[in-house]
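*Asks:* Provided herewith: input_17.cif, mmCIF, C-alpha atoms and all ligand atoms.
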```cif
data_my_file
loop_
_atom_site.label_atom_id
_atom_site.label_comp_id
_atom_site.auth_asym_id
_atom_site.auth_seq_id
_atom_site.Cartn_x
_atom_site.Cartn_y
_atom_site.Cartn_z
CA MET A 3 59.70 121.61 -119.06
CA PRO A 4 63.45 121.75 -119.61
CA ARG A 5 64.69 122.42 -123.11
CA VAL A 6 66.89 119.45 -124.04
CA LEU A 7 69.26 119.30 -127.01
CA SER A 8 70.89 116.16 -128.40
CA CYS A 9 72.92 116.10 -131.56
CA ILE A 10 74.14 113.24 -133.67
CA GLN A 11 76.60 113.23 -136.53
CA PRO A 12 75.47 111.57 -139.75
CA THR A 13 78.44 109.27 -140.00
CA GLY A 14 78.27 105.50 -140.26
CA SER A 15 75.30 103.19 -140.08
CA VAL A 16 73.09 103.09 -137.02
CA HIS A 17 73.43 99.80 -135.11
CA LEU A 18 71.68 97.95 -132.32
CA GLY A 19 74.00 99.53 -129.72
CA ASN A 20 72.97 103.03 -130.79
CA TYR A 21 69.34 101.98 -130.76
CA LEU A 22 69.13 100.16 -127.41
CA GLY A 23 71.72 102.42 -125.80
CA ALA A 24 70.42 105.80 -126.93
CA LEU A 25 67.64 106.05 -129.49
CA VAL A 26 64.99 104.15 -127.49
CA ASN A 27 65.45 106.74 -124.76
CA TRP A 28 65.17 109.58 -127.26
CA VAL A 29 61.83 108.14 -128.30
CA SER A 30 60.50 107.50 -124.79
CA GLY A 31 61.89 110.85 -123.59
CA GLN A 32 60.29 112.97 -126.28
CA HIS A 33 57.28 113.62 -124.07
CA ASP A 34 59.29 114.49 -120.94
CA GLY A 35 60.95 117.65 -122.17
CA ASP A 36 60.99 120.15 -124.98
CA VAL A 37 63.46 118.12 -127.00
CA TYR A 38 65.53 119.14 -129.99
CA HIS A 39 67.46 116.61 -132.06
CA GLY A 40 70.00 118.00 -134.48
CA ILE A 41 71.58 116.02 -137.28
CA VAL A 42 74.89 117.83 -137.23
CA ASP A 43 76.22 117.44 -140.75
CA LEU A 44 78.50 120.49 -140.56
CA HIS A 45 80.38 118.81 -137.73
CA ALA A 46 80.97 115.76 -139.90
CA LEU A 47 82.44 118.09 -142.52
CA THR A 48 85.51 118.52 -140.31
CA VAL A 49 86.67 115.07 -141.39
CA THR A 50 84.66 114.36 -144.57
CA GLU A 51 86.04 115.07 -147.98
CA THR A 52 84.14 112.82 -150.40
CA PRO A 53 81.46 114.63 -152.44
CA HIS A 54 77.79 113.71 -151.97
CA VAL A 55 78.31 111.22 -149.16
CA LEU A 56 77.24 113.52 -146.35
CA GLY A 57 73.88 114.48 -147.88
CA ASN A 58 72.91 110.83 -148.33
CA GLN A 59 73.96 109.98 -144.80
CA THR A 60 71.93 112.93 -143.51
CA ILE A 61 68.71 111.85 -145.19
CA GLU A 62 69.27 108.23 -144.14
CA LEU A 63 69.74 109.25 -140.53
CA ALA A 64 66.64 111.45 -140.65
CA ALA A 65 64.60 108.54 -142.02
CA MET A 66 65.97 106.31 -139.27
CA LEU A 67 65.10 108.80 -136.52
CA PHE A 68 61.51 108.98 -137.75
CA ALA A 69 61.38 105.20 -138.31
CA VAL A 70 62.37 104.45 -134.70
CA GLY A 71 59.55 106.64 -133.52
CA LEU A 72 60.52 110.28 -133.11
CA ASP A 73 57.36 112.24 -133.83
CA PRO A 74 58.12 115.53 -135.59
CA ASN A 75 55.09 117.08 -133.96
CA VAL A 76 56.52 116.34 -130.52
CA ALA A 77 60.32 116.35 -130.95
CA THR A 78 62.06 118.95 -133.09
CA VAL A 79 64.27 117.06 -135.56
CA PHE A 80 66.38 119.35 -137.71
CA VAL A 81 69.38 119.38 -140.03
CA GLN A 82 72.16 121.69 -138.88
CA SER A 83 73.18 122.92 -142.35
CA HIS A 84 69.55 123.88 -143.10
CA ILE A 85 69.61 126.41 -140.28
CA HIS A 86 72.20 128.97 -141.41
CA GLU A 87 72.19 130.55 -137.96
CA HIS A 88 74.51 127.75 -136.77
CA SER A 89 77.37 128.88 -138.99
CA GLU A 90 76.69 132.53 -138.24
CA LEU A 91 76.66 132.16 -134.48
CA ALA A 92 79.69 129.84 -134.73
CA TRP A 93 81.78 132.77 -136.00
CA ILE A 94 80.72 134.88 -133.06
CA MET A 95 81.61 131.96 -130.78
CA GLU A 96 85.04 131.71 -132.43
CA CYS A 97 85.59 135.33 -131.51
CA THR A 98 84.49 134.66 -127.92
CA VAL A 99 86.72 131.65 -127.27
CA SER A 100 90.49 131.83 -127.08
CA TYR A 101 93.10 129.96 -129.03
CA GLY A 102 94.42 128.64 -125.71
CA GLU A 103 91.05 127.26 -124.66
CA LEU A 104 90.58 125.47 -127.98
CA SER A 105 94.12 124.09 -127.73
CA ARG A 106 93.22 122.34 -124.49
CA MET A 107 90.39 120.29 -125.99
CA THR A 108 91.28 116.62 -125.64
CA GLN A 109 89.08 115.62 -128.57
CA PHE A 110 91.10 117.89 -130.86
CA LYS A 111 94.37 116.51 -129.52
CA ASP A 112 93.17 112.92 -130.05
CA LYS A 113 91.64 113.45 -133.46
CA SER A 114 94.52 115.50 -134.84
CA ALA A 115 97.07 113.00 -133.49
CA LYS A 116 95.22 110.21 -135.29
CA ARG A 117 95.38 112.21 -138.52
CA GLU A 118 99.05 113.08 -138.24
CA GLY A 119 100.54 113.52 -141.70
CA ASP A 120 97.03 113.77 -143.09
CA PHE A 121 94.90 116.87 -143.71
CA ILE A 122 93.86 118.48 -140.44
CA SER A 123 91.21 121.10 -141.08
CA ALA A 124 90.98 124.31 -139.11
CA GLY A 125 87.37 123.23 -138.58
CA LEU A 126 88.56 120.32 -136.51
CA PHE A 127 90.22 122.87 -134.23
CA THR A 128 87.30 125.32 -134.04
CA TYR A 129 84.71 122.51 -133.78
CA PRO A 130 83.79 123.41 -130.15
CA ALA A 131 82.77 126.91 -131.28
CA LEU A 132 80.26 125.40 -133.69
CA GLN A 133 79.07 123.04 -130.99
CA ALA A 134 78.62 125.99 -128.62
CA ALA A 135 76.52 127.68 -131.30
CA ASP A 136 74.37 124.52 -131.65
CA ILE A 137 73.66 124.53 -127.95
CA LEU A 138 73.26 128.25 -127.25
CA LEU A 139 71.02 128.89 -130.28
CA TYR A 140 68.28 126.76 -128.73
CA ASP A 141 68.52 128.11 -125.17
CA ALA A 142 69.14 124.52 -124.14
CA ASP A 143 68.96 123.87 -120.40
CA GLU A 144 70.23 120.31 -120.65
CA VAL A 145 72.56 118.52 -123.03
CA PRO A 146 72.68 114.76 -122.52
CA VAL A 147 76.19 113.62 -123.44
CA GLY A 148 78.70 110.92 -122.66
CA GLU A 149 81.96 111.58 -120.83
CA ASP A 150 83.85 112.35 -124.05
CA GLN A 151 81.69 115.44 -124.67
CA ARG A 152 81.73 116.95 -121.16
CA GLN A 153 84.67 119.21 -121.96
CA HIS A 154 82.76 120.63 -124.93
CA ILE A 155 79.78 121.48 -122.75
CA GLU A 156 82.10 123.12 -120.21
CA ILE A 157 83.69 125.30 -122.89
CA THR A 158 80.20 126.20 -124.13
CA ARG A 159 79.31 127.40 -120.64
CA ASP A 160 82.57 129.38 -120.44
CA ILE A 161 81.84 131.01 -123.79
CA ALA A 162 78.27 131.85 -122.76
CA ILE A 163 79.42 133.33 -119.45
CA ARG A 164 82.07 135.42 -121.22
CA PHE A 165 79.62 136.65 -123.85
CA ASN A 166 76.95 137.50 -121.26
CA HIS A 167 79.56 139.36 -119.23
CA ARG A 168 80.84 141.33 -122.22
CA PHE A 169 77.57 142.13 -123.92
CA GLY A 170 74.81 141.59 -121.38
CA ASP A 171 72.64 138.63 -120.56
CA THR A 172 71.96 136.85 -123.84
CA PHE A 173 72.48 133.12 -123.56
CA VAL A 174 71.02 130.47 -121.30
CA LEU A 175 73.76 128.53 -119.51
CA PRO A 176 73.45 124.86 -120.44
CA LYS A 177 74.43 121.93 -118.31
CA ALA A 178 75.65 118.49 -119.31
CA VAL A 179 73.41 115.73 -118.06
CA HIS A 180 73.96 112.01 -118.07
CA PRO A 181 71.75 110.42 -120.69
CA LYS A 182 69.32 107.94 -119.17
CA ALA A 183 71.29 104.70 -119.25
CA GLY A 184 70.08 102.29 -121.88
CA ALA A 185 71.38 98.82 -122.46
CA ARG A 186 75.09 98.45 -123.11
CA VAL A 187 75.40 96.29 -126.20
CA MET A 188 78.64 94.44 -126.83
CA ASP A 189 80.06 93.14 -130.09
CA LEU A 190 78.72 89.63 -130.80
CA GLN A 191 82.16 88.45 -131.94
CA ASP A 192 84.14 90.25 -129.25
CA PRO A 193 81.82 90.60 -126.26
CA THR A 194 84.40 92.46 -124.19
CA SER A 195 84.17 95.44 -126.61
CA LYS A 196 81.20 97.71 -127.15
CA MET A 197 79.34 97.19 -130.40
CA SER A 198 80.82 100.01 -132.45
CA LYS A 199 81.04 101.13 -136.02
CA SER A 200 84.80 101.33 -135.64
CA ALA A 201 85.13 97.55 -135.15
CA THR A 202 87.39 95.81 -137.64
CA THR A 203 84.70 93.39 -138.84
CA ASP A 204 80.95 93.65 -139.33
CA SER A 205 80.17 90.13 -138.22
CA GLY A 206 79.62 91.10 -134.58
CA ILE A 207 77.55 94.20 -135.34
CA ILE A 208 73.80 94.19 -135.87
CA TYR A 209 72.95 97.08 -138.16
CA MET A 210 69.44 98.50 -138.05
CA LEU A 211 69.12 97.76 -141.76
CA ASP A 212 70.44 94.17 -141.68
CA GLU A 213 68.03 91.71 -143.26
CA ASN A 214 66.37 89.20 -140.92
CA SER A 215 68.42 86.31 -142.31
CA VAL A 216 71.64 88.24 -141.63
CA ILE A 217 70.58 89.00 -138.07
CA GLU A 218 69.74 85.35 -137.52
CA LYS A 219 73.14 84.29 -138.80
CA LYS A 220 75.05 86.83 -136.70
CA PHE A 221 73.32 85.63 -133.54
CA LYS A 222 73.88 81.99 -134.43
CA ARG A 223 77.62 82.71 -134.72
CA ALA A 224 77.81 84.86 -131.59
CA VAL A 225 80.84 84.08 -129.44
CA THR A 226 80.00 82.48 -126.07
CA ASP A 227 82.28 80.20 -124.03
CA SER A 228 82.87 76.52 -123.43
CA ASP A 229 81.15 76.19 -119.99
CA GLY A 230 77.79 75.31 -121.44
CA VAL A 231 76.06 76.97 -118.48
CA VAL A 232 73.62 79.86 -118.91
CA ALA A 233 74.39 82.36 -116.16
CA TYR A 234 74.68 86.15 -116.02
CA ASP A 235 78.31 87.00 -115.37
CA ARG A 236 79.61 89.93 -117.40
CA GLU A 237 83.17 89.43 -116.32
CA ASN A 238 83.65 85.71 -116.80
CA LYS A 239 80.91 84.99 -119.35
CA PRO A 240 80.68 88.20 -121.41
CA GLY A 241 79.20 86.55 -124.50
CA VAL A 242 76.33 84.88 -122.65
CA ALA A 243 75.72 87.99 -120.52
CA ASN A 244 75.51 90.10 -123.69
CA LEU A 245 72.95 87.74 -125.23
CA LEU A 246 70.87 87.91 -122.04
CA ASP A 247 71.12 91.71 -121.96
CA ILE A 248 70.09 92.01 -125.59
CA LEU A 249 67.20 89.55 -125.22
CA ALA A 250 65.99 91.37 -122.09
CA ALA A 251 66.14 94.79 -123.75
CA ALA A 252 64.59 93.62 -127.02
CA SER A 253 61.72 91.80 -125.33
CA HIS A 254 61.16 94.45 -122.63
CA THR A 255 61.86 92.18 -119.71
CA THR A 256 64.67 91.70 -117.19
CA VAL A 257 67.67 89.39 -117.20
CA GLU A 258 66.45 87.89 -113.88
CA ASN A 259 63.25 86.82 -115.60
CA LEU A 260 65.17 85.15 -118.39
CA VAL A 261 68.20 83.48 -116.99
CA ASP A 262 66.41 80.44 -115.49
CA GLN A 263 64.52 79.74 -118.68
CA TYR A 264 67.64 78.60 -120.55
CA SER A 265 69.95 75.69 -120.04
CA GLN A 266 71.68 75.78 -123.44
CA TYR A 267 73.27 78.46 -125.58
CA GLY A 268 71.53 77.46 -128.82
CA PRO A 269 67.98 78.38 -127.75
CA LEU A 270 69.27 81.58 -126.07
CA LYS A 271 70.95 82.69 -129.31
CA LYS A 272 67.85 81.79 -131.30
CA ASP A 273 65.51 83.71 -129.00
CA ALA A 274 67.80 86.74 -128.81
CA GLY A 275 67.97 86.82 -132.61
CA ASP A 276 64.21 86.41 -132.94
CA ALA A 277 63.53 89.17 -130.41
CA VAL A 278 65.87 91.55 -132.24
CA ILE A 279 64.24 90.68 -135.57
CA ALA A 280 60.78 91.34 -134.09
CA LEU A 281 62.06 94.68 -132.84
CA LEU A 282 63.88 95.83 -135.96
CA ASP A 283 61.68 94.44 -138.74
CA PRO A 284 58.93 97.11 -138.44
CA ILE A 285 61.54 99.85 -138.07
CA ARG A 286 63.27 98.72 -141.26
CA THR A 287 59.95 98.57 -143.10
CA ARG A 288 59.09 102.12 -142.02
CA TYR A 289 62.59 103.29 -142.94
CA HIS A 290 62.28 101.95 -146.49
CA GLU A 291 58.79 103.42 -146.84
CA LEU A 292 60.17 106.84 -145.95
CA MET A 293 63.25 106.49 -148.17
CA ASN A 294 60.93 105.63 -151.05
CA ASP A 295 58.69 108.61 -150.35
CA ARG A 296 61.07 111.55 -150.33
CA GLY A 297 58.17 113.99 -150.39
CA GLU A 298 56.87 112.67 -147.08
CA LEU A 299 60.36 112.56 -145.61
CA ALA A 300 60.96 116.17 -146.64
CA ARG A 301 57.61 117.14 -145.12
CA LEU A 302 58.51 115.53 -141.78
CA LEU A 303 61.92 117.20 -141.76
CA SER A 304 60.54 120.60 -142.64
CA ILE A 305 58.29 120.52 -139.55
CA GLY A 306 61.39 120.36 -137.33
CA ASN A 307 63.50 122.63 -139.49
CA ASP A 308 60.83 125.36 -139.41
CA ARG A 309 60.49 125.19 -135.65
CA ALA A 310 64.26 125.11 -135.14
CA ARG A 311 64.83 128.03 -137.50
CA GLU A 312 62.33 130.19 -135.64
CA VAL A 313 64.09 129.70 -132.31
CA ALA A 314 67.59 129.96 -133.82
CA ALA A 315 66.79 133.20 -135.68
CA GLN A 316 65.51 134.85 -132.51
CA THR A 317 68.59 133.88 -130.53
CA LEU A 318 70.99 135.03 -133.23
CA GLY A 319 69.08 138.33 -133.40
CA ARG A 320 69.48 138.69 -129.64
CA ALA A 321 73.22 138.13 -129.96
CA HIS A 322 73.56 140.69 -132.77
CA ASN A 323 71.63 143.24 -130.72
CA ALA A 324 73.69 142.58 -127.61
CA ILE A 325 76.94 143.07 -129.53
CA GLY A 326 75.45 146.13 -131.17
CA LEU A 327 76.04 145.17 -134.80
CA LEU A 328 74.49 147.70 -137.14
CA PRO A 329 70.89 146.61 -137.76
CA ARG A 330 70.04 145.91 -141.39
CA ILE A 331 68.87 149.13 -143.05
P1 LIG B 1 78.30 106.89 -131.35
O1 LIG B 1 77.76 106.53 -132.69
O2 LIG B 1 79.34 105.93 -130.86
O3 LIG B 1 78.69 108.33 -131.22
O4 LIG B 1 77.10 106.69 -130.34
C1 LIG B 1 75.87 107.36 -130.42
C2 LIG B 1 75.05 107.01 -129.20
O5 LIG B 1 74.82 105.59 -129.12
C3 LIG B 1 75.71 107.39 -127.88
O6 LIG B 1 74.71 107.88 -127.01
C4 LIG B 1 76.27 106.09 -127.35
O7 LIG B 1 76.30 106.06 -125.95
C5 LIG B 1 75.29 105.06 -127.87
N1 LIG B 1 75.99 103.80 -128.14
C6 LIG B 1 76.92 103.59 -129.11
N2 LIG B 1 77.35 102.31 -129.09
C7 LIG B 1 76.68 101.69 -128.08
C8 LIG B 1 76.69 100.36 -127.53
N3 LIG B 1 77.43 99.40 -128.06
N4 LIG B 1 75.87 100.09 -126.50
C9 LIG B 1 75.09 101.06 -125.96
N5 LIG B 1 75.03 102.32 -126.41
C10 LIG B 1 75.82 102.65 -127.46
N1 LIG B 2 80.40 116.75 -130.71
C1 LIG B 2 79.34 115.79 -130.56
C2 LIG B 2 79.90 114.38 -130.84
O1 LIG B 2 80.97 114.25 -131.38
C3 LIG B 2 78.20 116.04 -131.50
C4 LIG B 2 77.59 117.39 -131.27
C5 LIG B 2 77.65 118.46 -132.11
C6 LIG B 2 76.81 117.79 -130.15
N2 LIG B 2 76.91 119.50 -131.60
C7 LIG B 2 76.38 119.11 -130.41
C8 LIG B 2 76.40 117.13 -128.99
C9 LIG B 2 75.60 119.83 -129.50
C10 LIG B 2 75.61 117.85 -128.09
C11 LIG B 2 75.21 119.17 -128.35
O2 LIG B 2 79.24 113.41 -130.52
#
```
When written as structure tokens, how does the structure in this file appear?
*Replies:*
Amino acid sequence: MPRVLSCIQPTGSVHLGNYLGALVNWVSGQHDGDVYHGIVDLHALTVTETPHVLGNQTIELAAMLFAVGLDPNVATVFVQSHIHEHSELAWIMECTVSYGELSRMTQFKDKSAKREGDFISAGLFTYPALQAADILLYDADEVPVGEDQRQHIEITRDIAIRFNHRFGDTFVLPKAVHPKAGARVMDLQDPTSKMSKSATTDSGIIYMLDENSVIEKKFKRAVTDSDGVVAYDRENKPGVANLLDILAAASHTTVENLVDQYSQYGPLKKDAGDAVIALLDPIRTRYHELMNDRGELARLLSIGNDRAREVAAQTLGRAHNAIGLLPRI
């Protein structure tokens, strides 16, 4: 079974796009590989300055991952900052990557340009070294990532190759894989844009924790068009196509099965909203149960943290030995 590592930053609230586009596949895929899911809070630290926010977002994301169905006895869910090996290996990675290589990272160029005149942390620049540590610590064979992260997986491979060449075979070379495609969920108010936490208004975004009445309202107000014809045409009828896609994904059927059943937008919006409510209501209930039982949540997290720490400690030990650092006396 391949070892698969996915990481997610604890920033912003999880929405229906994240769920139907990614998390459902994490849940269904947990039995197909030896999967590790890291909540990478130290990465979020590169752009987070407000005290206490990050810890809350970390526990909320952990509760959400368990609520959607990740089973800690099957998938290893861990918190990056709880495994000190990440920071330790990151330093070694920083000493194995060059300033020039880091300077070529497009994500750094984009993110630092956006923050021009603002505080740009050195961590934002060395971020790929920490990401390389995340990946190499777990001997990951596969890292499912979108296009924006491919360059970071490439640099991880380059670092691993350089380290193995300098110090002897130590790290497994990872490869970027395309995540299994889930549904692409568009903003209900602007169906030509992906549902995204960076949207200017919340009215087109279905958050996992939205109350049922809010979900109903957002679907009722979803933007469609003035044709009055239910047909699947992403280009010319993006609003209607999005509703069909969402209804299909939420009710585990296909758009082809649905499209002939509707002649008006009203019932389509109503059914899409109802299907999403049926899908999210039990997840939200489980989420609140876990958030109200911190002991249980800590127990679930410690299962993954313990397993992750064991693997990470061995790999870091291997790296220290390969370099020939003086063993602890
Ligand atoms: P992000 O929070 O944008 O980094 O996304 C986390 C994961 O959710 C990634 O795997 C994205 O591909 C997926 N995702 C985010 N937004 C959407 C969307 N609107 N539709 C489908 N998948 C999405
Ligand atoms: N850089 C990734 C992002 O911005 C998150 C991430 C951190 C990651 N460490 C990782 C992804 C290791 C894959 C593997 O989305």
*Asks:* Which of these, A:Asp112, A:Glu237, A:Asp262, A:Asp276, has the shortest distance to A:Leu249 once you count all atoms listed in the file?
*Replies:* A:Asp276
*Asks:* List the neighbours of stretch 157-168 of chain A out to 9 Å using only C-alpha atoms; skip same-chain residues closer than 5 positions along the sequence, and give me the result as a ChimeraX atom specification.
*Replies:* /A:95,98-99,103-104,107,130-131,133-135,137-138,152,173-177,321,324-325
*Asks:* For those residues, write C-alpha atoms to a file as a short mmCIF file (atom, residue, chain, number, x, y, z; two decimals), keeping the file's coordinate frame.
*Replies:*
```
data_model
loop_
_atom_site.label_atom_id
_atom_site.label_comp_id
_atom_site.auth_asym_id
_atom_site.auth_seq_id
_atom_site.Cartn_x
_atom_site.Cartn_y
_atom_site.Cartn_z
CA MET A 95 81.61 131.96 -130.78
CA THR A 98 84.49 134.66 -127.92
CA VAL A 99 86.72 131.65 -127.27
CA GLU A 103 91.05 127.26 -124.66
CA LEU A 104 90.58 125.47 -127.98
CA MET A 107 90.39 120.29 -125.99
CA PRO A 130 83.79 123.41 -130.15
CA ALA A 131 82.77 126.91 -131.28
CA GLN A 133 79.07 123.04 -130.99
CA ALA A 134 78.62 125.99 -128.62
CA ALA A 135 76.52 127.68 -131.30
CA ILE A 137 73.66 124.53 -127.95
CA LEU A 138 73.26 128.25 -127.25
CA ARG A 152 81.73 116.95 -121.16
CA PHE A 173 72.48 133.12 -123.56
CA VAL A 174 71.02 130.47 -121.30
CA LEU A 175 73.76 128.53 -119.51
CA PRO A 176 73.45 124.86 -120.44
CA LYS A 177 74.43 121.93 -118.31
CA ALA A 321 73.22 138.13 -129.96
CA ALA A 324 73.69 142.58 -127.61
CA ILE A 325 76.94 143.07 -129.53
#
```
*Asks:* For atom CA of A:Phe80 and atom O1 of ligand LIG 2 (chain B), quote the distance in Å rounded to one decimal.
*Replies:* 16.7 Å
*Asks:* Which of these, A:Glu149, A:Asp136, A:Glu96, A:Asp73, has the shortest distance to ligand LIG 2 (chain B) once you count only C-alpha atoms and all ligand atoms?
*Replies:* A:Asp136
*Asks:* Would you give me, as a tab-separated table, each residue of chain A having an atom within 10 Å of an atom of ligand LIG 2 (chain B), along with its shortest atom pair and that distance in Å to one decimal, using all atoms listed in the file and sorting by chain and residue number?
*Replies:*
```
residue	atom	partner	partner_atom	distance
A:Val6	CA	B:LIG2	C11	9.4
A:Leu7	CA	B:LIG2	C11	6.1
A:Ser8	CA	B:LIG2	C10	5.0
A:Cys9	CA	B:LIG2	C8	4.4
A:Ile10	CA	B:LIG2	C3	5.4
A:Gln11	CA	B:LIG2	C3	6.0
A:Pro12	CA	B:LIG2	C3	9.8
A:Tyr38	CA	B:LIG2	C11	9.8
A:His39	CA	B:LIG2	C11	9.0
A:Gly40	CA	B:LIG2	N2	7.6
A:Ile41	CA	B:LIG2	C5	8.3
A:Val42	CA	B:LIG2	C5	5.9
A:Asp43	CA	B:LIG2	C5	8.8
A:Leu44	CA	B:LIG2	C5	8.7
A:His45	CA	B:LIG2	C5	6.3
A:Ala46	CA	B:LIG2	O1	8.7
A:Gln82	CA	B:LIG2	N2	9.0
A:Gln109	CA	B:LIG2	O1	8.7
A:Tyr129	CA	B:LIG2	N1	7.8
A:Pro130	CA	B:LIG2	N1	7.5
A:Ala131	CA	B:LIG2	N2	9.5
A:Leu132	CA	B:LIG2	N2	7.1
A:Gln133	CA	B:LIG2	N2	4.2
A:Ala134	CA	B:LIG2	C9	6.9
A:Ala135	CA	B:LIG2	C9	8.1
A:Asp136	CA	B:LIG2	C9	5.3
A:Ile137	CA	B:LIG2	C9	5.3
A:Leu138	CA	B:LIG2	C9	9.0
A:Ala142	CA	B:LIG2	C11	9.1
A:Glu144	CA	B:LIG2	C11	9.2
A:Val145	CA	B:LIG2	C10	5.9
A:Pro146	CA	B:LIG2	C10	7.0
A:Val147	CA	B:LIG2	C10	6.3
A:Gly148	CA	B:LIG2	O2	8.3
A:Asp150	CA	B:LIG2	O2	8.0
A:Gln151	CA	B:LIG2	N1	6.3
A:Arg152	CA	B:LIG2	C10	9.3
A:His154	CA	B:LIG2	N1	7.4
A:Ile155	CA	B:LIG2	C11	7.6
A:Thr158	CA	B:LIG2	C9	9.5
A:Pro176	CA	B:LIG2	C11	9.9
A:Ala178	CA	B:LIG2	C10	8.8
```
*Asks:* Keeping only C-alpha atoms, write the selected residues as a PDB file, in the coordinates of the input.
*Replies:*
```pdb
ATOM      1  CA  VAL A   6      66.890 119.450-124.040  1.00  0.00           C
ATOM      2  CA  LEU A   7      69.260 119.300-127.010  1.00  0.00           C
ATOM      3  CA  SER A   8      70.890 116.160-128.400  1.00  0.00           C
ATOM      4  CA  CYS A   9      72.920 116.100-131.560  1.00  0.00           C
ATOM      5  CA  ILE A  10      74.140 113.240-133.670  1.00  0.00           C
ATOM      6  CA  GLN A  11      76.600 113.230-136.530  1.00  0.00           C
ATOM      7  CA  PRO A  12      75.470 111.570-139.750  1.00  0.00           C
ATOM      8  CA  TYR A  38      65.530 119.140-129.990  1.00  0.00           C
ATOM      9  CA  HIS A  39      67.460 116.610-132.060  1.00  0.00           C
ATOM     10  CA  GLY A  40      70.000 118.000-134.480  1.00  0.00           C
ATOM     11  CA  ILE A  41      71.580 116.020-137.280  1.00  0.00           C
ATOM     12  CA  VAL A  42      74.890 117.830-137.230  1.00  0.00           C
ATOM     13  CA  ASP A  43      76.220 117.440-140.750  1.00  0.00           C
ATOM     14  CA  LEU A  44      78.500 120.490-140.560  1.00  0.00           C
ATOM     15  CA  HIS A  45      80.380 118.810-137.730  1.00  0.00           C
ATOM     16  CA  ALA A  46      80.970 115.760-139.900  1.00  0.00           C
ATOM     17  CA  GLN A  82      72.160 121.690-138.880  1.00  0.00           C
ATOM     18  CA  GLN A 109      89.080 115.620-128.570  1.00  0.00           C
ATOM     19  CA  TYR A 129      84.710 122.510-133.780  1.00  0.00           C
ATOM     20  CA  PRO A 130      83.790 123.410-130.150  1.00  0.00           C
ATOM     21  CA  ALA A 131      82.770 126.910-131.280  1.00  0.00           C
ATOM     22  CA  LEU A 132      80.260 125.400-133.690  1.00  0.00           C
ATOM     23  CA  GLN A 133      79.070 123.040-130.990  1.00  0.00           C
ATOM     24  CA  ALA A 134      78.620 125.990-128.620  1.00  0.00           C
ATOM     25  CA  ALA A 135      76.520 127.680-131.300  1.00  0.00           C
ATOM     26  CA  ASP A 136      74.370 124.520-131.650  1.00  0.00           C
ATOM     27  CA  ILE A 137      73.660 124.530-127.950  1.00  0.00           C
ATOM     28  CA  LEU A 138      73.260 128.250-127.250  1.00  0.00           C
ATOM     29  CA  ALA A 142      69.140 124.520-124.140  1.00  0.00           C
ATOM     30  CA  GLU A 144      70.230 120.310-120.650  1.00  0.00           C
ATOM     31  CA  VAL A 145      72.560 118.520-123.030  1.00  0.00           C
ATOM     32  CA  PRO A 146      72.680 114.760-122.520  1.00  0.00           C
ATOM     33  CA  VAL A 147      76.190 113.620-123.440  1.00  0.00           C
ATOM     34  CA  GLY A 148      78.700 110.920-122.660  1.00  0.00           C
ATOM     35  CA  ASP A 150      83.850 112.350-124.050  1.00  0.00           C
ATOM     36  CA  GLN A 151      81.690 115.440-124.670  1.00  0.00           C
ATOM     37  CA  ARG A 152      81.730 116.950-121.160  1.00  0.00           C
ATOM     38  CA  HIS A 154      82.760 120.630-124.930  1.00  0.00           C
ATOM     39  CA  ILE A 155      79.780 121.480-122.750  1.00  0.00           C
ATOM     40  CA  THR A 158      80.200 126.200-124.130  1.00  0.00           C
ATOM     41  CA  PRO A 176      73.450 124.860-120.440  1.00  0.00           C
ATOM     42  CA  ALA A 178      75.650 118.490-119.310  1.00  0.00           C
TER      43      ALA A 178
END
```
*Asks:* Around ligand LIG 1 (chain B), at most 7 Å away and counting only C-alpha atoms and all ligand atoms, which residues are there? Put them as a list of chain:residue names, please.
*Replies:* A:Ile10, A:Gly19, A:Asn20, A:Tyr21, A:Leu22, A:Gly23, A:Ala24, A:Val147, A:Gly148, A:Gly184, A:Ala185, A:Arg186, A:Val187, A:Met188, A:Lys196, A:Met197, A:Ser198
*Asks:* Counting only C-alpha atoms, find the residues whose atoms lie at most 10 Å from (71.8, 106.7, -142.5) (file coordinates) and write them out as a list of chain:residue names.
*Replies:*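 Residues with an atom at most 10 Å from (71.8, 106.7, -142.5): A:Pro12, A:Thr13, A:Gly14, A:Ser15, A:Val16, A:Leu56, A:Gly57, A:Asn58, A:Gln59, A:Thr60, A:Ile61, A:Glu62, A:Leu63, A:Ala64, A:Ala65, A:Met66, A:Leu67, A:Met210, A:Leu211, A:Tyr289.
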